[in-house]
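These notes concern the structure reproduced below.
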Amino acid sequence: MTAPTRSIPAAILLLTNCLAALSPALAVEPMSWPHHHGPQFNRISRERDLTLDWDSDDPQASAQRQELWQIVGLSAAADPLVFNDKLYVLHWGSSEQELPAQADGADTPQERPDLPAPRFLSSVSAWHIQGRDTVARFRYDLPSIELNENDSSPLPKFAGDPIWRQLYCLGMGQDLIAIDADYGFEMWQRSSLPPTFQDARVIDTVPPIVYEHLLIVAQLVETKDSTRLVLINGYDRRNGSPVWQHEQKVGETFELTTPVPCILASQVALAVPGQQGNVELMQIQTGRSLRKLTLNDNESSKEKIVTEILFQNGQLLVLSREANQNQTAQSERNWHLDLWSLQSHFDVGATEKIGSWTPSPAEHMTSLLHDGLIYAASSANRLQVYSSKADTQLHDLEIGEGLHREFSPQRLSQNDENSELQNQRSMPPRYHLVWVANQLLATSTHGYWQAFDCANSACQMIYTAERNEPIVGIPAISKKRLYVRTSEQLIAMGPIDNGDAISHPLIPLSEIANDADSVTPGPIQIVPAFATLEAGWQQSFRILQFNEHGHFLEELDPTRVEWSWTGPGDLDSSTATLEIPDDASTDEAFRLTVKAGKQTSESTISLRPAAANVQALSPSE
C-alpha cells in the first residue's frame with residue numbers, strides 16, 4: 001500500500017468498509033441537479049407542475065418568475081449544482097475573500113482570468129437555500145496553480161453525489177478531491193492521472209460522472225512527444241482507489257465531450273466520444289469495450305467531431321460537426337444528428353440507427369432529446385425540431401432577438417446596456433436547452449430567455465424575456481426554482497419552498513437494465529487498476545468477478561486465479577500482496593496480470609526510488 005500523504009480517521013475507514021457491503025443500486029433524488037446536465041445527464045428535469053408561461057394569469061406563473069435573491073460578485077467557473085437543499089458554486093477566488101451573501105459579494109466579476117497571473121485560485125462555496133434567504137455554509141479552496149504566460153489549463157469542474165452527500169472536484173491542475181457536501185471538509189485527494197501520465201499536460205476536462213460507487217473522470221491529455229490521448233478512469237468514489245482505466249489515441253481536431261451512462265442489451269454502459277466521429281460503448285462497472293457506433297456512413301464521408309452525447313428512454317443521440325482544418329472564427333460549420341435505439345432486445349453486434357438529420361449550418365449548436373423528438377438550437381438563431389418516429393423535420397423556428405421582438409417589443413434602453421453584453425452580442429450566440437414539464441427552455445449568451453410549450457409534438461413559444469447581461473450557463477432546476485448563472489451573478493427564480501414540489505420517479509439504470517439477472521461469469525477486475533510504489537512498500541489487491549452484463553457477483557479468492565508479475569519483488573498469491581524489496585532502485589512501470597478462466601485483468605505498477613529520510617509503511621501500519 002502506498003504510504004499515505006495524510007492521516008485518515010479510523011471511523012472513516014470503518015465507514016468505507018461498511019459501505020462497500022451495501023447494495024449501490026440507489027436512485028438519485030429526482031428533484032436534485034447534482035450534475036451540470038441534470039440528474040440523468042441529459043438536461044431533463046423530472047419535476048411536474050412547473051410552468052414557464054410567466055405571462056399567464058395563473059398565480060403559479062407569477063410566483064415562478066419571482067426573483068427570490070441574487071448572489072452577486074461571484075466569478076463562477078462552472079454551472080451551479082443544487083441538491084440536499086444546498087446550492088454549490090465553483091468560482092474564482094479564495095477563502096481570504098469574504099463569502100458573498102445575499103445580493104452582496106467581494107469577488108471581482110469575471111468569467112475567468114484572461115491575463116497571465118502568477119497563481120490562479122478557485123473555490124467551492126455552498127449556501128443553504130431552503131427558506132427565502134441564502135445562508136452561507138462553507139467555502140473550500142481548491143489547490144492553486146501557477147501558470148506561465150504561455151501555459152494553459154482547463155477550467156475546474158465538479159459534480160455532486162446527493163446519496164452520499166459528497167462533492168467531487170477537478171482542479172485546474174491534476175487534483176481530484178472529494179469533499180463533504182454538508183460541512184466542506186476534505187474526504188480524500190489524489191492525482192486525476194495515472195502514474196504513467198504524471199508528466200502529461202491536461203488539455204481539457206469535463207465534469208465527473210457519479211454512478212453508484214464509481215467516480216468516472218474523462219480528460220484530454222498531451223504527452224511529451226505531442227501525442228494526444230483521451231484518458232477515462234473509474235475511481236471508487238468512497239476512497240479514490242482506481243478501479244479501471246481506458247485510454248485512446250486521438251487527433252488534433254478531437255474535442256472532449258461528457259461521457260453519458262446509457263443502457264445497452266441489459267447492461268449499463270458508458271457512451272464515450274472516440275476518434276474519427278465514433279462513439280464507444282463500454283461496461284460502466286468494468287471499462288470493458290462493448291461496441292462502437294460509427295457516424296460516418298461511408299468511406300467518402302468527412303471526419304466528424306462529436307460535440308454532444310445524450311441518452312433518454314433507450315435512445316442515444318449524437319451531435320457532431322464536420323472537421324475542417326481551415327475553420328476560421330465565426331464561420332459556419334456543417335452539423336449532423338444521429339440517433340440509435342439501444343433497447344433491451346438490441347443485439348450488441350448489430351447496427352440499429354433510427355435516423356440521421358442535417359440541421360442548417362452554424363458556428364455553434366446544441367441539442368436535446370426527449371421522447372423521440374430532437375431539438376437543435378444554433379447560433380444562426382434557429383430552433384429545429386425532428387421526429388424519430390416520422391423521420392422528418394417538424395419545426396424550424398426563429399429564436400433569439402427576432403422572436404423576442406415579435407412577441408415582446410419592449411427593448412432595454414441604451415443606458416442599461418453593459419459592456420459585457422455588448423461584447424457577447426458582437427459574437428454569435430451560444431444556446432443552452434433544458435426540458436421541464438413538457439416545456440423547452442432556451443437561454444443564450446445574448447441575454448434572451450425563451451420558453452416553448454412542446455407537448456404533443458407542438459413547439460409554441462409561450463414566454464420570452466431579455467436580460468441586461470449574458471446568460472452563460474445551463475440553468476439548474478430544483479423544487480420549482482431555477483438557478484440561473486449570468487456573467488456577473490447567480491439568480492434564484494421561483495417560489496419559497498413549501499414542500500409542494502412533485503416529480504416523476506427516477507429509477508436507477510441498473511434496475512431498468514435488469515443487469516443482475518444473469519449469474520454467468522463475465523469480466524474480472526483487479527483493484528487498484530494502477531498504483532505507485534517505492535522500495536520497501538507493499539500493495540494489496542482485490543479481484544472482483546462480474547457477470548456477463550457487468551454487474552458485480554463476488555470477490556474472488558486470490559488462490560483461485562493465476563498471477564503474473566515480471567517486476568522486482570515478491571507476490572504472495574495467497575494474500576494478493578505485492579512487496580517491493582528495500583534495495584529496489586528502478587524507475588519503471590510494470591504490469592501485474594490476473595487470469596481467471598478466459599478472463600484477464602491488469603494493473604499498472606509504477607516503481608520509483610525510495611524517498612530520502614522517509615520510512616516506508618506496510619498495510620498493517
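Quick note on naming: the chains in the C-alpha cells go A, B, ... in the order shown, residues restart at 1 in each chain, and ligands are numbered from 1 in order of appearance.
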Practice problem: Find the spatial neighbours of Met365 of chain A, counting only C-alpha atoms, within a cut-off of 7 Å - ignore same-chain residues fewer than 6 positions away - and output them as a ChimeraX atom specification. | Solution: /A:376-379
Now that the selection is made, can you save its residues with C-alpha atoms as a PDB file, in the first residue's frame?
ATOM      1  CA  ALA A 376     -31.338  21.620 -32.144  1.00  0.00           C
ATOM      2  CA  ALA A 377     -30.644  25.294 -31.314  1.00  0.00           C
ATOM      3  CA  SER A 378     -27.951  27.058 -33.303  1.00  0.00           C
ATOM      4  CA  SER A 379     -26.042  30.322 -33.288  1.00  0.00           C
TER       5      SER A 379
END
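The shell of residues at most 6 Å from His551 of chain A, with only C-alpha atoms counted and near chain neighbours (fewer than 5 positions) removed, consists of Asp515, Ala516 and Phe546 of chain A.
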Hey, can you spit out that residue selection with N, CA and C atoms as a CSV table (one decimal), in the first residue's frame?
chain,number,residue,atom,x,y,z
A,515,ASP,N,-29.6,-5.8,-15.1
A,515,ASP,CA,-28.3,-6.4,-15.3
A,515,ASP,C,-27.9,-7.5,-14.3
A,516,ALA,N,-28.6,-7.6,-13.2
A,516,ALA,CA,-28.3,-8.6,-12.2
A,516,ALA,C,-28.9,-9.9,-12.4
A,546,PHE,N,-17.5,-10.1,-12.2
A,546,PHE,CA,-18.8,-9.6,-12.7
A,546,PHE,C,-19.5,-10.6,-13.6
- Query: So which residues touch segment 433-450 of chain A within 8 Å, counting only C-alpha atoms, skipping near sequence neighbours fewer than 4 positions away, as a PyMOL selection string?
  - Reply: chain A and resi 43-52+366-368+377+399-401+404+421+424-425+429+454-455+461-472+474-475
List as a short mmCIF file (atom, residue, chain, number, x, y, z; two decimals) with N, CA, C and O atoms, in the first residue's frame the protein and nucleic acid residues near segment 63-66 of chain A, meaning an atom at most 9 Å away when only C-alpha atoms are counted, but skip any in the same chain fewer than 4 places from it.
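That gives us result.cif:
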data_model
loop_
_atom_site.label_atom_id
_atom_site.label_comp_id
_atom_site.auth_asym_id
_atom_site.auth_seq_id
_atom_site.Cartn_x
_atom_site.Cartn_y
_atom_site.Cartn_z
N LEU A 50 -44.68 22.59 -13.13
CA LEU A 50 -43.81 23.76 -13.06
C LEU A 50 -43.97 24.51 -14.38
O LEU A 50 -43.56 24.02 -15.44
N THR A 51 -44.60 25.66 -14.32
CA THR A 51 -44.88 26.39 -15.55
C THR A 51 -43.80 27.42 -15.85
O THR A 51 -43.26 28.06 -14.95
N LEU A 52 -43.50 27.56 -17.13
CA LEU A 52 -42.59 28.61 -17.60
C LEU A 52 -43.35 29.66 -18.42
O LEU A 52 -42.74 30.56 -18.99
N TRP A 54 -44.78 32.53 -18.00
CA TRP A 54 -44.84 33.54 -16.97
C TRP A 54 -45.72 34.74 -17.35
O TRP A 54 -45.93 35.64 -16.54
N PRO A 59 -51.61 32.12 -10.89
CA PRO A 59 -50.79 32.57 -9.75
C PRO A 59 -49.44 31.86 -9.68
O PRO A 59 -48.46 32.45 -9.23
N LYS A 480 -39.10 23.56 -7.92
CA LYS A 480 -39.81 24.70 -8.51
C LYS A 480 -38.94 25.95 -8.68
O LYS A 480 -39.44 26.99 -9.08
N ARG A 481 -37.68 25.85 -8.38
CA ARG A 481 -36.80 27.01 -8.55
C ARG A 481 -35.85 26.78 -9.72
O ARG A 481 -35.43 25.66 -9.99
N LEU A 482 -35.50 27.88 -10.37
CA LEU A 482 -34.49 27.85 -11.42
C LEU A 482 -33.32 28.71 -10.96
O LEU A 482 -33.51 29.87 -10.55
N ALA A 492 -31.76 33.20 -8.17
CA ALA A 492 -32.75 32.17 -7.86
C ALA A 492 -34.13 32.69 -8.24
O ALA A 492 -34.56 33.72 -7.74
N MET A 493 -34.82 31.98 -9.13
CA MET A 493 -36.16 32.36 -9.55
C MET A 493 -37.15 31.29 -9.10
O MET A 493 -36.88 30.10 -9.23
N GLY A 494 -38.29 31.70 -8.55
CA GLY A 494 -39.29 30.75 -8.16
C GLY A 494 -39.87 31.05 -6.79
O GLY A 494 -39.47 31.99 -6.12
N PRO A 495 -40.82 30.22 -6.34
CA PRO A 495 -41.49 30.47 -5.06
C PRO A 495 -40.66 30.00 -3.88
O PRO A 495 -39.66 29.29 -4.03
N ILE A 496 -41.07 30.40 -2.70
CA ILE A 496 -40.47 29.88 -1.47
C ILE A 496 -40.80 28.40 -1.38
O ILE A 496 -41.91 27.96 -1.68
#
### Task
List every residue of segment 238-356 of chain A that DSSP, applied to the backbone of this structure, assigns to strand (DSSP E), and report them as a PyMOL selection string.
chain A and resi 242-250+260-264+267-273+278-283+289-294+304-312+315-322+335-341+353-356
As a check of understanding: the span from atom CA of Val221 of chain A to atom CA of Ile526 of chain A is 24.7 Å
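Among A:Ala269, A:Val243, A:Leu176, A:Ile129, the residue with the shortest atom-to-atom distance to Trp69 of chain A, counting only C-alpha atoms, is A:Ile129.
For the atom pair formed by atom CA of Gly251 of chain A and atom CA of Pro154 of chain A, the distance is 18.3 Å, given to one decimal.
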Quick one: residues within 7 Å of segment 562-579 of chain A, only C-alpha atoms counted, chain neighbours fewer than 5 positions away excluded, as a PDB file with N, CA, C and O atoms, in the first residue's frame?
ATOM      1  N   GLY A 536      10.510  -1.091  -0.552  1.00  0.00           N
ATOM      2  CA  GLY A 536      10.062  -1.461   0.777  1.00  0.00           C
ATOM      3  C   GLY A 536       8.563  -1.351   0.985  1.00  0.00           C
ATOM      4  O   GLY A 536       8.064  -1.708   2.047  1.00  0.00           O
ATOM      5  N   TRP A 537       7.835  -0.875  -0.029  1.00  0.00           N
ATOM      6  CA  TRP A 537       6.385  -0.735   0.130  1.00  0.00           C
ATOM      7  C   TRP A 537       5.661  -2.007  -0.277  1.00  0.00           C
ATOM      8  O   TRP A 537       6.176  -2.838  -1.031  1.00  0.00           O
ATOM      9  N   GLN A 538       4.409  -2.116   0.201  1.00  0.00           N
ATOM     10  CA  GLN A 538       3.554  -3.230  -0.146  1.00  0.00           C
ATOM     11  C   GLN A 538       2.241  -2.705  -0.738  1.00  0.00           C
ATOM     12  O   GLN A 538       1.839  -1.584  -0.458  1.00  0.00           O
ATOM     13  N   GLN A 539       1.618  -3.547  -1.539  1.00  0.00           N
ATOM     14  CA  GLN A 539       0.316  -3.216  -2.108  1.00  0.00           C
ATOM     15  C   GLN A 539      -0.543  -4.467  -2.135  1.00  0.00           C
ATOM     16  O   GLN A 539      -0.136  -5.497  -2.666  1.00  0.00           O
ATOM     17  N   SER A 540      -1.724  -4.379  -1.538  1.00  0.00           N
ATOM     18  CA  SER A 540      -2.672  -5.482  -1.573  1.00  0.00           C
ATOM     19  C   SER A 540      -3.691  -5.244  -2.681  1.00  0.00           C
ATOM     20  O   SER A 540      -4.059  -4.098  -2.974  1.00  0.00           O
ATOM     21  N   PHE A 541      -4.176  -6.331  -3.286  1.00  0.00           N
ATOM     22  CA  PHE A 541      -5.098  -6.249  -4.410  1.00  0.00           C
ATOM     23  C   PHE A 541      -6.369  -7.041  -4.119  1.00  0.00           C
ATOM     24  O   PHE A 541      -6.374  -7.963  -3.300  1.00  0.00           O
ATOM     25  N   PHE A 590       5.506  -1.536 -14.511  1.00  0.00           N
ATOM     26  CA  PHE A 590       5.360  -2.958 -14.807  1.00  0.00           C
ATOM     27  C   PHE A 590       3.888  -3.324 -14.764  1.00  0.00           C
ATOM     28  O   PHE A 590       3.053  -2.591 -14.236  1.00  0.00           O
ATOM     29  N   ARG A 591       3.575  -4.504 -15.321  1.00  0.00           N
ATOM     30  CA  ARG A 591       2.200  -4.989 -15.372  1.00  0.00           C
ATOM     31  C   ARG A 591       2.024  -6.187 -14.445  1.00  0.00           C
ATOM     32  O   ARG A 591       2.814  -7.123 -14.466  1.00  0.00           O
ATOM     33  N   LEU A 592       0.977  -6.114 -13.651  1.00  0.00           N
ATOM     34  CA  LEU A 592       0.544  -7.253 -12.851  1.00  0.00           C
ATOM     35  C   LEU A 592      -0.706  -7.815 -13.525  1.00  0.00           C
ATOM     36  O   LEU A 592      -1.695  -7.102 -13.678  1.00  0.00           O
ATOM     37  N   THR A 593      -0.643  -9.082 -13.919  1.00  0.00           N
ATOM     38  CA  THR A 593      -1.734  -9.696 -14.670  1.00  0.00           C
ATOM     39  C   THR A 593      -2.394 -10.785 -13.847  1.00  0.00           C
ATOM     40  O   THR A 593      -1.716 -11.581 -13.187  1.00  0.00           O
ATOM     41  N   VAL A 594      -3.721 -10.805 -13.902  1.00  0.00           N
ATOM     42  CA  VAL A 594      -4.513 -11.822 -13.220  1.00  0.00           C
ATOM     43  C   VAL A 594      -5.388 -12.505 -14.259  1.00  0.00           C
ATOM     44  O   VAL A 594      -5.987 -11.834 -15.112  1.00  0.00           O
ATOM     45  N   LYS A 595      -5.475 -13.850 -14.175  1.00  0.00           N
ATOM     46  CA  LYS A 595      -6.284 -14.619 -15.106  1.00  0.00           C
ATOM     47  C   LYS A 595      -7.205 -15.550 -14.334  1.00  0.00           C
ATOM     48  O   LYS A 595      -6.762 -16.269 -13.444  1.00  0.00           O
ATOM     49  N   ALA A 596      -8.506 -15.521 -14.688  1.00  0.00           N
ATOM     50  CA  ALA A 596      -9.491 -16.427 -14.109  1.00  0.00           C
ATOM     51  C   ALA A 596     -10.291 -17.016 -15.265  1.00  0.00           C
ATOM     52  O   ALA A 596     -11.111 -16.329 -15.868  1.00  0.00           O
TER      53      ALA A 596
END
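Counting only C-alpha atoms, the residue from A:Ile216, A:Val206, A:Val250, A:Leu121 that sits nearest to Glu308 of chain A is A:Val206.
Shortest atom-to-atom contact with Ala476 of chain A among A:Leu490, A:Leu281, A:Gly184, A:Pro521: A:Leu490, counting only C-alpha atoms.
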From the list A:Asp180, A:Glu146, A:Glu255, A:Asp57, the nearest residue to Val272 of chain A using only C-alpha atoms is A:Glu255
Practice problem: Please provide the set of residues having any atom within 8 Å of Trp357 of chain A, restricted to only C-alpha atoms, with same-chain residues fewer than 6 positions apart removed, written as a list in words. | Solution: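 Once the adjacent positions are removed, what remains is His336, Leu337, Asp338 and Tyr386 of chain A.
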Now that the selection is made, can you save its residues with C-alpha atoms as an mmCIF file, in the first residue's frame?
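part10.cif, freshly written:
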data_model
loop_
_atom_site.group_PDB
_atom_site.id
_atom_site.type_symbol
_atom_site.label_atom_id
_atom_site.label_comp_id
_atom_site.auth_asym_id
_atom_site.auth_seq_id
_atom_site.Cartn_x
_atom_site.Cartn_y
_atom_site.Cartn_z
ATOM 1 C CA HIS A 336 -25.179 16.197 -38.069
ATOM 2 C CA LEU A 337 -27.602 14.467 -35.705
ATOM 3 C CA ASP A 338 -27.519 10.660 -35.418
ATOM 4 C CA TYR A 386 -37.081 16.491 -35.731
#
